[in-house]
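Just below is one structure, and these are the notes that go with it.
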Amino acid sequence: MITVTQIGDSGPVAVLLNPSAGRGRHRDALPGVLERLRATGREVTVLPAGSVDEALASCRGAVASGVSALVAVGGDGTIHLGLQAVAGTGIPFGVVPAGTGNDFVVELGLPDEPVAAAAAVTRALDGGSIRKVDLGRLTDAGGNVRWFGAVLAAGFDAIVSERANRMRFPRGPRRYDVAIVAEMLRLRPRRYTMVLDGVEHQLDAVLVAVGNTARYGGGMRITPDADPTDGLLDVVVGGRLGRVAFARIKPHVYQGTHVGHPLVTTYRAATVELRAEGIVSYVDGERAFPLPVTATSAPGALTLLA
């Protein structure tokens, strides 16, 4: 059950703004978004964000300074950056989607159009309403931490993303398509050790995903039953799937019906440890840590303006 509470702070609002999100298709709406936020009568500050590092430092600095809210305006990557600053702090977080997939926003039932989302954030600020939702907390072998709102990928999709990020040609979305073809030709099960709430599983798999919410990749319901209010993570494992079988089930991921395949297994746990050779994990579509990693559900870690 989602917990709804109230906020009363009328202090400044910090905004993380990415005008290039969604290849700039919502750029013209951004002045209207800021106008909506300023209509609350609060001071609204757009944070410096010339690079990922600067954006993250700006968000963390704003939270440490005691802003009344942080609002992320952009795609899933922008929202992911904002989560790193607000997770576990109690600082209210507003999301205004301006990307292409907007998976996290859609799964939380928030408006997926920028001006409508800004209006919803404004109403929440004016009314002082928030709700608590879970996040995933990812830790690597060195103790480094990355928070995620949607899905941790540690199988085929992570391998494809890693290849695409290394490629210099072609540019744009086509690079990802080429990476998919290249990795499909190399598809093979990898050996994983997976520990779920202390219970160890040894398995061979081509697909491993851990979901706080159901969607990733622009609408694929990879962990279709994941609920960001139940204090648990959903795990979906695609086992010893060959190229033909994998290609056949891949379209079913958009409806979430792939979990009915006999070689797909689902689990649910509060803590998920993953070990495998040569895999770099991705969370919310962003590069995270090489395995081994530990993902833990953090109940109510996000204070969402809604």
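Naming works like this for the structure tokens: A, B, ... for the chains as they're shown, residue 1 at the start of each chain, ligands 1 onward in shown order.
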- Item | Residue neighbourhood region 271-286 of chain A, 9 Å, only C-alpha atoms, exclusion window fewer than 2 positions, as a ChimeraX atom specification | /A:76-77,80,103-104,138,146-155,157-159,161-162,190-198,200,210,216-217,232-233,235,268-269,288-297
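Between Val115 (chain A) and the residues A:Leu37, A:Val259, A:Val253, A:Met220, the shortest atom-to-atom distance, using only C-alpha atoms, involves A:Leu37.
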DSSP-assigned strand (DSSP E or B) members of region 158-276 of chain A, reported as a VMD selection string: chain A and resid 190 to 196 199 to 205 207 to 211 215 to 216 220 to 221 233 to 238 264 to 269 271 to 275
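For the set A:Ile180, A:Val206, A:Met167, A:Leu16, the residue with the smallest atom-to-atom gap to Glu54 (chain A) is A:Leu16, counting only C-alpha atoms.
Using only C-alpha atoms, the nearest neighbour of Ser65 (chain A) within the list A:Gly238, A:Gly219, A:Gly11, A:Gly142 is A:Gly11.
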Next on the checklist: Can you tell me which residues surround Val67 (chain A) at a distance of at most 6 Å, considering only C-alpha atoms, apart from same-chain residues fewer than 4 positions away, and format the answer as a PyMOL selection string?
Outcome noted: chain A and resi 12-13+63
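Comparing A:Gly256, A:Pro299, A:Gly74, A:Gly32 by their smallest distance to Val105 (chain A), the closest is A:Gly74 (using only C-alpha atoms).
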Next item on the list: Show which residues sit within 8 Å of Ala179 (chain A), as a PyMOL selection string. Count only C-alpha atoms, and ignore same-chain residues fewer than 6 positions away.
Entry: chain A and resi 160-161+163-164
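Between CA of Leu17 (chain A) and CA of Leu47 (chain A) the separation is 7.3 Å.
Compared by their closest atoms to Arg123 (chain A), and using only C-alpha atoms, the residues A:Val244, A:Leu81, A:Ala39, A:Val199 rank with A:Ala39 nearest.
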So which residues of region 2-217 of chain A fall under alpha helix (DSSP H) by DSSP, listed as an MDAnalysis selection string?
-> chainID A and resid 30:38 52:65 76:86 103:107 114:127 156:166 173:185
As a check of understanding: the span from CA of Pro189 (chain A) to CA of Leu263 (chain A) is 12.0 Å
Shortest contact to Ala245 (chain A), candidates A:Ala301, A:Val264, A:Ala62, A:Ile79, atoms counted only C-alpha atoms, goes to A:Val264
